[in-house]
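**Student:** The structure's right below; bear with me while I get my questions together.
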Amino acid sequence: MNKTYKNYFGFSTEPFISDIHCQDILVTPEIEAVSERIQYAVRLGAIALITGEVGAGKSTALRWSLEQFHPSEYKTLWITATSGSILEFYRQLLRALDNDATSMSKAFYTRTIRKEVRELIKEKGQKPVVVVDEASLLRMEVLTELHTITQFEGDSKPWLPIILAGQINLEENLRYRKALPLASRVVARGSLDAVKKNEMDQYLSHHLSIAGMKTQLYTDAALTAIYQGSGGIYRKANNLARGALIAAAVDKASQVIPEHVQIASSEIF
Ligand SMILES: Nc1ncnc2c1ncn2[C@@H]1O[C@H](COP(=O)(O)OP(=O)(O)OP(=O)(O)O)[C@@H](O)[C@H]1O
Ligand SMILES: [Mg+2]
């Protein structure tokens, strides 16, 4: 793949990167709405649900929202969910609490997790916030049991708020009767969906500017082609916008036109 496009157009860093720095995240009204819901659920020690299409910006919105919590007061326990068993989930949670102990016993894990959470709150003065990204992968077995870990002293101490983020099927999974104890603790639901054309234009300019580009490299028609090809989804737009730059550099063009977007679209899903 042609890497000279970066020099050809004079970018200072790679444009449209996936691991964008937290301070470079575009703070949209949607991200702020997600953040408010997370704050609310954390205040109540309850559960928030964040859903959206693949690549719509869920993990990015989570990262930004969690940055708003002061690290001296809150400890984020970030878990990237797997389709593994409840033991695997507990092991991940315990590890996020800086305890590497492993066991084949659920009772061991729930006891040890509660102990660590109590210590965190009482001794270190930090409030835990559990974040489960990719939660749409969680097995029903995990969704059925997860609420038990949030119960301290007969459910009277809401000490362990949980933010569940994942694709839309997460909502469907929570509607199953077995998941009702968990679903009943959800107090806020946010979603990240396809954005509108003007929001996408703003998003693309933002990514260009964080890569050091001040001028608009895309013609209006190319911006429309990226928007249409992306369906309003950020990751897809990143891939189209970057691919189109490569095609334009190969073409020795000074601007990106729809044909370049078309070439890029033939290489991505
Ligand atoms: N607010 C934003 N500001 C800047 N870039 C963003 C923003 N939101 C998303 N992006 C870009 O879009 C890409 C996809 O976003 P992200 O990985 O957060 O989506 P996702 O919904 O978590 O996807 P998946 O369903 O695959 O987990 C990111 O890598 C980032 O480059
Ligand atoms: Mg994600």
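We name chains A, B, ... following the order of the structure tokens; residues begin at 1 in each chain, and ligands are numbered from 1 as shown.
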DSSP says strand (DSSP E or B) for which residues of segment 93-134 of chain A? Put them as a ChimeraX atom specification?
**Tutor:** /A:127-133
**Student:** Identify all residues of segment 3-228 of chain A in helix (DSSP H, G or I) (DSSP on the backbone) and supply them as a ChimeraX atom specification.
**Tutor:** /A:5-9,22-24,29-44,58-67,86-96,106-122,135-137,140-150,169-174,177-183,197-210,220-228
**Student:** For ligand 1, return the neighbouring residues as an MDAnalysis selection string (distance at most 6 Å; only C-alpha atoms and all ligand atoms).
**Tutor:** chainID A and resid 16:20 25:27 53:60 234:235
**Student:** Would you please work out which residue, of A:Thr112, A:Gln151, A:Gln262, A:Ser85, is nearest to Asp98 of chain A when using only C-alpha atoms?
**Tutor:**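 Checking each candidate against Asp98 of chain A, we get A:Thr112 as the closest.
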**Student:** Please list as a list of chain:residue names every residue within 8 Å of Val256 of chain A, counting only C-alpha atoms and excluding residues in the same chain fewer than 2 positions away.
**Tutor:**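 So the residues in contact are A:Leu217, A:Tyr218, A:Thr219, A:Ala222, A:Ala244, A:Leu245, A:Ala248, A:Ala253, A:Ser254, A:Pro258, A:His260, A:Val261.
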**Student:** Tell me which protein, DNA and RNA residues are within 12 Å of Lys252 of chain A, counting only C-alpha atoms, leaving out same-chain ones fewer than 5 positions away, and put them as a PyMOL selection string.
**Tutor:** chain A and resi 4-5+8-9+245-247+257+260
**Student:** Save out the residues we just selected, C-alpha atoms, as a PDB file, in the first residue's frame.
**Tutor:**
ATOM      1  CA  THR A   4       3.958   8.227   0.482  1.00  0.00           C
ATOM      2  CA  TYR A   5       0.558   9.926   0.493  1.00  0.00           C
ATOM      3  CA  TYR A   8       2.717  13.899  -0.738  1.00  0.00           C
ATOM      4  CA  PHE A   9      -0.015  15.894   0.991  1.00  0.00           C
ATOM      5  CA  LEU A 245      -6.005   9.998  -0.167  1.00  0.00           C
ATOM      6  CA  ILE A 246      -3.786   7.123  -1.261  1.00  0.00           C
ATOM      7  CA  ALA A 247      -5.594   6.905  -4.602  1.00  0.00           C
ATOM      8  CA  ILE A 257     -12.406  13.511  -6.072  1.00  0.00           C
ATOM      9  CA  HIS A 260     -10.626   8.238  -5.599  1.00  0.00           C
TER      10      HIS A 260
END
**Student:** Between atom CA of Pro158 of chain A and atom CA of Ala46 of chain A, what is the spacing in Å?
**Tutor:**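 Those two atoms sit 6.8 Å apart.
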**Student:** With a distance cut-off of 12 Å and only C-alpha atoms, select the neighbouring residues of Gly231 of chain A, excluding the residue or stretch itself and same-chain residues fewer than 6 positions from it, and output the selection as a list of chain:residue names.
**Tutor:**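 So the residues in contact are A:Glu53, A:Val54, A:Gly55, A:Ala56, A:Asp193, A:Ala194, A:Val195, A:Lys196, A:Lys197, A:Met200, A:Thr224, A:Ala225, A:Ala237, A:Asn238, A:Leu240, A:Phe269.
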**Student:** Restricting it to C-alpha atoms, dump the selection as a short mmCIF file (atom, residue, chain, number, x, y, z; two decimals), in the first residue's frame.
**Tutor:**
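Saved the output as selection29.cif:
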data_model
loop_
_atom_site.label_atom_id
_atom_site.label_comp_id
_atom_site.auth_asym_id
_atom_site.auth_seq_id
_atom_site.Cartn_x
_atom_site.Cartn_y
_atom_site.Cartn_z
CA GLU A 53 -23.42 0.04 15.13
CA VAL A 54 -19.97 -1.44 14.56
CA GLY A 55 -17.49 1.43 14.24
CA ALA A 56 -19.94 4.16 15.29
CA ASP A 193 -25.71 5.77 15.49
CA ALA A 194 -24.94 6.91 11.98
CA VAL A 195 -24.21 10.64 11.90
CA LYS A 196 -25.67 13.25 9.54
CA LYS A 197 -23.78 14.68 6.54
CA MET A 200 -19.48 13.76 9.05
CA THR A 224 -20.60 13.32 -0.37
CA ALA A 225 -19.17 10.07 -1.74
CA ALA A 237 -15.45 6.94 6.83
CA ASN A 238 -11.88 6.78 8.17
CA LEU A 240 -12.66 5.54 2.82
CA PHE A 269 -16.03 -3.90 3.58
#
**Student:** Which residue is closest to ligand 2? Choose from A:Thr13, A:Ala183, A:Ser103, A:Ile79 and count only C-alpha atoms and all ligand atoms.
**Tutor:**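 Answer, going by the shortest atom-to-atom distance: A:Ile79.
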**Student:** When you draw a straight line from atom CA of Ile38 of chain A to atom CA of Asp133 of chain A, how long is it in Å?
**Tutor:** 13.3 Å
**Student:** Leu182 of chain A: which residues within 12 Å, counting only C-alpha atoms, same-chain residues fewer than 4 positions away excluded, as a list in words?
**Tutor:**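 Answer for this query is Ala46, Ile47, Ala48, Leu49, Met140, Glu141, Val142, Leu143, Thr144, Glu145, Leu146, His147, Thr148, Ile149, Thr150, Gln151, Pro161, Ile162, Ile163, Leu164, Glu171, Asn173, Leu174, Arg175, Tyr176, Arg177, Lys178, Val186 and Val187 of chain A.
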**Student:** Limited to N, CA and C atoms, could you put the picked residues into a file as a PDB file, in the first residue's frame?
**Tutor:**
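Just written: again35.pdb:
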ATOM      1  N   ALA A  46     -25.467   2.214  39.590  1.00  0.00           N
ATOM      2  CA  ALA A  46     -26.346   1.338  38.792  1.00  0.00           C
ATOM      3  C   ALA A  46     -25.675   0.976  37.464  1.00  0.00           C
ATOM      4  N   ILE A  47     -26.488   0.635  36.491  1.00  0.00           N
ATOM      5  CA  ILE A  47     -25.938   0.176  35.208  1.00  0.00           C
ATOM      6  C   ILE A  47     -26.371   1.110  34.082  1.00  0.00           C
ATOM      7  N   ALA A  48     -25.432   1.427  33.184  1.00  0.00           N
ATOM      8  CA  ALA A  48     -25.759   2.182  31.963  1.00  0.00           C
ATOM      9  C   ALA A  48     -25.451   1.301  30.770  1.00  0.00           C
ATOM     10  N   LEU A  49     -26.251   1.482  29.747  1.00  0.00           N
ATOM     11  CA  LEU A  49     -26.114   0.679  28.535  1.00  0.00           C
ATOM     12  C   LEU A  49     -25.811   1.609  27.361  1.00  0.00           C
ATOM     13  N   MET A 140     -25.072 -15.611  27.752  1.00  0.00           N
ATOM     14  CA  MET A 140     -26.236 -15.453  28.627  1.00  0.00           C
ATOM     15  C   MET A 140     -25.886 -15.830  30.074  1.00  0.00           C
ATOM     16  N   GLU A 141     -25.043 -16.835  30.225  1.00  0.00           N
ATOM     17  CA  GLU A 141     -24.596 -17.269  31.557  1.00  0.00           C
ATOM     18  C   GLU A 141     -24.004 -16.081  32.350  1.00  0.00           C
ATOM     19  N   VAL A 142     -23.270 -15.228  31.643  1.00  0.00           N
ATOM     20  CA  VAL A 142     -22.639 -14.079  32.308  1.00  0.00           C
ATOM     21  C   VAL A 142     -23.691 -13.005  32.610  1.00  0.00           C
ATOM     22  N   LEU A 143     -24.578 -12.758  31.630  1.00  0.00           N
ATOM     23  CA  LEU A 143     -25.620 -11.748  31.846  1.00  0.00           C
ATOM     24  C   LEU A 143     -26.550 -12.155  32.988  1.00  0.00           C
ATOM     25  N   THR A 144     -26.728 -13.466  33.165  1.00  0.00           N
ATOM     26  CA  THR A 144     -27.607 -13.967  34.229  1.00  0.00           C
ATOM     27  C   THR A 144     -27.001 -13.721  35.602  1.00  0.00           C
ATOM     28  N   GLU A 145     -25.688 -13.797  35.688  1.00  0.00           N
ATOM     29  CA  GLU A 145     -25.040 -13.743  37.010  1.00  0.00           C
ATOM     30  C   GLU A 145     -24.434 -12.398  37.370  1.00  0.00           C
ATOM     31  N   LEU A 146     -24.244 -11.570  36.377  1.00  0.00           N
ATOM     32  CA  LEU A 146     -23.436 -10.367  36.597  1.00  0.00           C
ATOM     33  C   LEU A 146     -23.931  -9.490  37.746  1.00  0.00           C
ATOM     34  N   HIS A 147     -25.261  -9.419  37.906  1.00  0.00           N
ATOM     35  CA  HIS A 147     -25.799  -8.530  38.955  1.00  0.00           C
ATOM     36  C   HIS A 147     -25.347  -8.947  40.355  1.00  0.00           C
ATOM     37  N   THR A 148     -25.048 -10.243  40.515  1.00  0.00           N
ATOM     38  CA  THR A 148     -24.725 -10.716  41.875  1.00  0.00           C
ATOM     39  C   THR A 148     -23.450 -10.042  42.408  1.00  0.00           C
ATOM     40  N   ILE A 149     -22.575  -9.700  41.477  1.00  0.00           N
ATOM     41  CA  ILE A 149     -21.302  -9.104  41.897  1.00  0.00           C
ATOM     42  C   ILE A 149     -21.510  -7.653  42.358  1.00  0.00           C
ATOM     43  N   THR A 150     -22.640  -7.058  41.976  1.00  0.00           N
ATOM     44  CA  THR A 150     -22.892  -5.661  42.359  1.00  0.00           C
ATOM     45  C   THR A 150     -23.537  -5.566  43.742  1.00  0.00           C
ATOM     46  N   GLN A 151     -23.864  -6.724  44.323  1.00  0.00           N
ATOM     47  CA  GLN A 151     -24.586  -6.704  45.600  1.00  0.00           C
ATOM     48  C   GLN A 151     -23.634  -6.705  46.792  1.00  0.00           C
ATOM     49  N   PRO A 161     -20.888   0.348  40.057  1.00  0.00           N
ATOM     50  CA  PRO A 161     -21.612   0.680  38.825  1.00  0.00           C
ATOM     51  C   PRO A 161     -20.981  -0.030  37.628  1.00  0.00           C
ATOM     52  N   ILE A 162     -21.821  -0.371  36.671  1.00  0.00           N
ATOM     53  CA  ILE A 162     -21.312  -1.074  35.486  1.00  0.00           C
ATOM     54  C   ILE A 162     -21.800  -0.358  34.229  1.00  0.00           C
ATOM     55  N   ILE A 163     -20.876  -0.110  33.324  1.00  0.00           N
ATOM     56  CA  ILE A 163     -21.222   0.459  32.019  1.00  0.00           C
ATOM     57  C   ILE A 163     -21.073  -0.664  31.001  1.00  0.00           C
ATOM     58  N   LEU A 164     -22.165  -1.022  30.366  1.00  0.00           N
ATOM     59  CA  LEU A 164     -22.132  -2.081  29.358  1.00  0.00           C
ATOM     60  C   LEU A 164     -22.205  -1.428  27.979  1.00  0.00           C
ATOM     61  N   GLU A 171     -28.920  -5.180  23.652  1.00  0.00           N
ATOM     62  CA  GLU A 171     -30.252  -4.824  24.183  1.00  0.00           C
ATOM     63  C   GLU A 171     -31.184  -6.013  24.104  1.00  0.00           C
ATOM     64  N   ASN A 173     -30.363  -9.164  24.066  1.00  0.00           N
ATOM     65  CA  ASN A 173     -29.952 -10.183  25.040  1.00  0.00           C
ATOM     66  C   ASN A 173     -30.442  -9.844  26.443  1.00  0.00           C
ATOM     67  N   LEU A 174     -30.495  -8.546  26.735  1.00  0.00           N
ATOM     68  CA  LEU A 174     -30.932  -8.144  28.083  1.00  0.00           C
ATOM     69  C   LEU A 174     -32.439  -8.297  28.267  1.00  0.00           C
ATOM     70  N   ARG A 175     -33.159  -8.515  27.161  1.00  0.00           N
ATOM     71  CA  ARG A 175     -34.610  -8.691  27.289  1.00  0.00           C
ATOM     72  C   ARG A 175     -34.981 -10.110  27.690  1.00  0.00           C
ATOM     73  N   TYR A 176     -34.039 -11.027  27.620  1.00  0.00           N
ATOM     74  CA  TYR A 176     -34.341 -12.406  28.039  1.00  0.00           C
ATOM     75  C   TYR A 176     -34.642 -12.429  29.528  1.00  0.00           C
ATOM     76  N   ARG A 177     -35.585 -13.276  29.903  1.00  0.00           N
ATOM     77  CA  ARG A 177     -36.016 -13.344  31.301  1.00  0.00           C
ATOM     78  C   ARG A 177     -34.833 -13.557  32.254  1.00  0.00           C
ATOM     79  N   LYS A 178     -33.910 -14.430  31.802  1.00  0.00           N
ATOM     80  CA  LYS A 178     -32.770 -14.756  32.676  1.00  0.00           C
ATOM     81  C   LYS A 178     -31.909 -13.533  32.971  1.00  0.00           C
ATOM     82  N   VAL A 186     -30.523  -1.352  35.038  1.00  0.00           N
ATOM     83  CA  VAL A 186     -30.133  -0.336  34.042  1.00  0.00           C
ATOM     84  C   VAL A 186     -30.950   0.932  34.293  1.00  0.00           C
ATOM     85  N   VAL A 187     -30.261   2.056  34.472  1.00  0.00           N
ATOM     86  CA  VAL A 187     -30.973   3.324  34.722  1.00  0.00           C
ATOM     87  C   VAL A 187     -30.813   4.312  33.569  1.00  0.00           C
TER      88      VAL A 187
END
**Student:** For Phe152 of chain A, which residue out of A:Thr28, A:Ser230, A:Gln216, A:Thr110 is the nearest one, using only C-alpha atoms?
**Tutor:**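 For Phe152 of chain A, the nearest of the candidates is A:Thr110.
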**Student:** Nearest residue to Ile50 of chain A out of A:Val129, A:Ala135, A:Ile226, A:Cys22, using only C-alpha atoms?
**Tutor:**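 Smallest distance to Ile50 of chain A is found for A:Ala135.
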**Student:** Let me make sure I understand: among A:Glu123, A:Glu32, A:Glu134, A:Asp100, which one has the smallest atom-to-atom distance to ligand 2 if we use only C-alpha atoms and all ligand atoms?
**Tutor:**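 Ranking A:Glu123, A:Glu32, A:Glu134, A:Asp100 by distance to ligand 2, first place goes to A:Glu134.
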**Student:** One decimal, Å: what's the distance from atom CA of Arg43 of chain A over to atom CA of Leu66 of chain A, could you say?
**Tutor:**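 Atom CA of Arg43 of chain A sits 13.3 Å away from atom CA of Leu66 of chain A.
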**Student:** Env of Phe69 of chain A: 12 Å cut, atoms = only C-alpha atoms, seq-sep filter 5 positions within chain, self excluded. Answer as a PyMOL selection string.
**Tutor:** chain A and resi 35-36+38-39+42-43+62-64+74-76+126-129
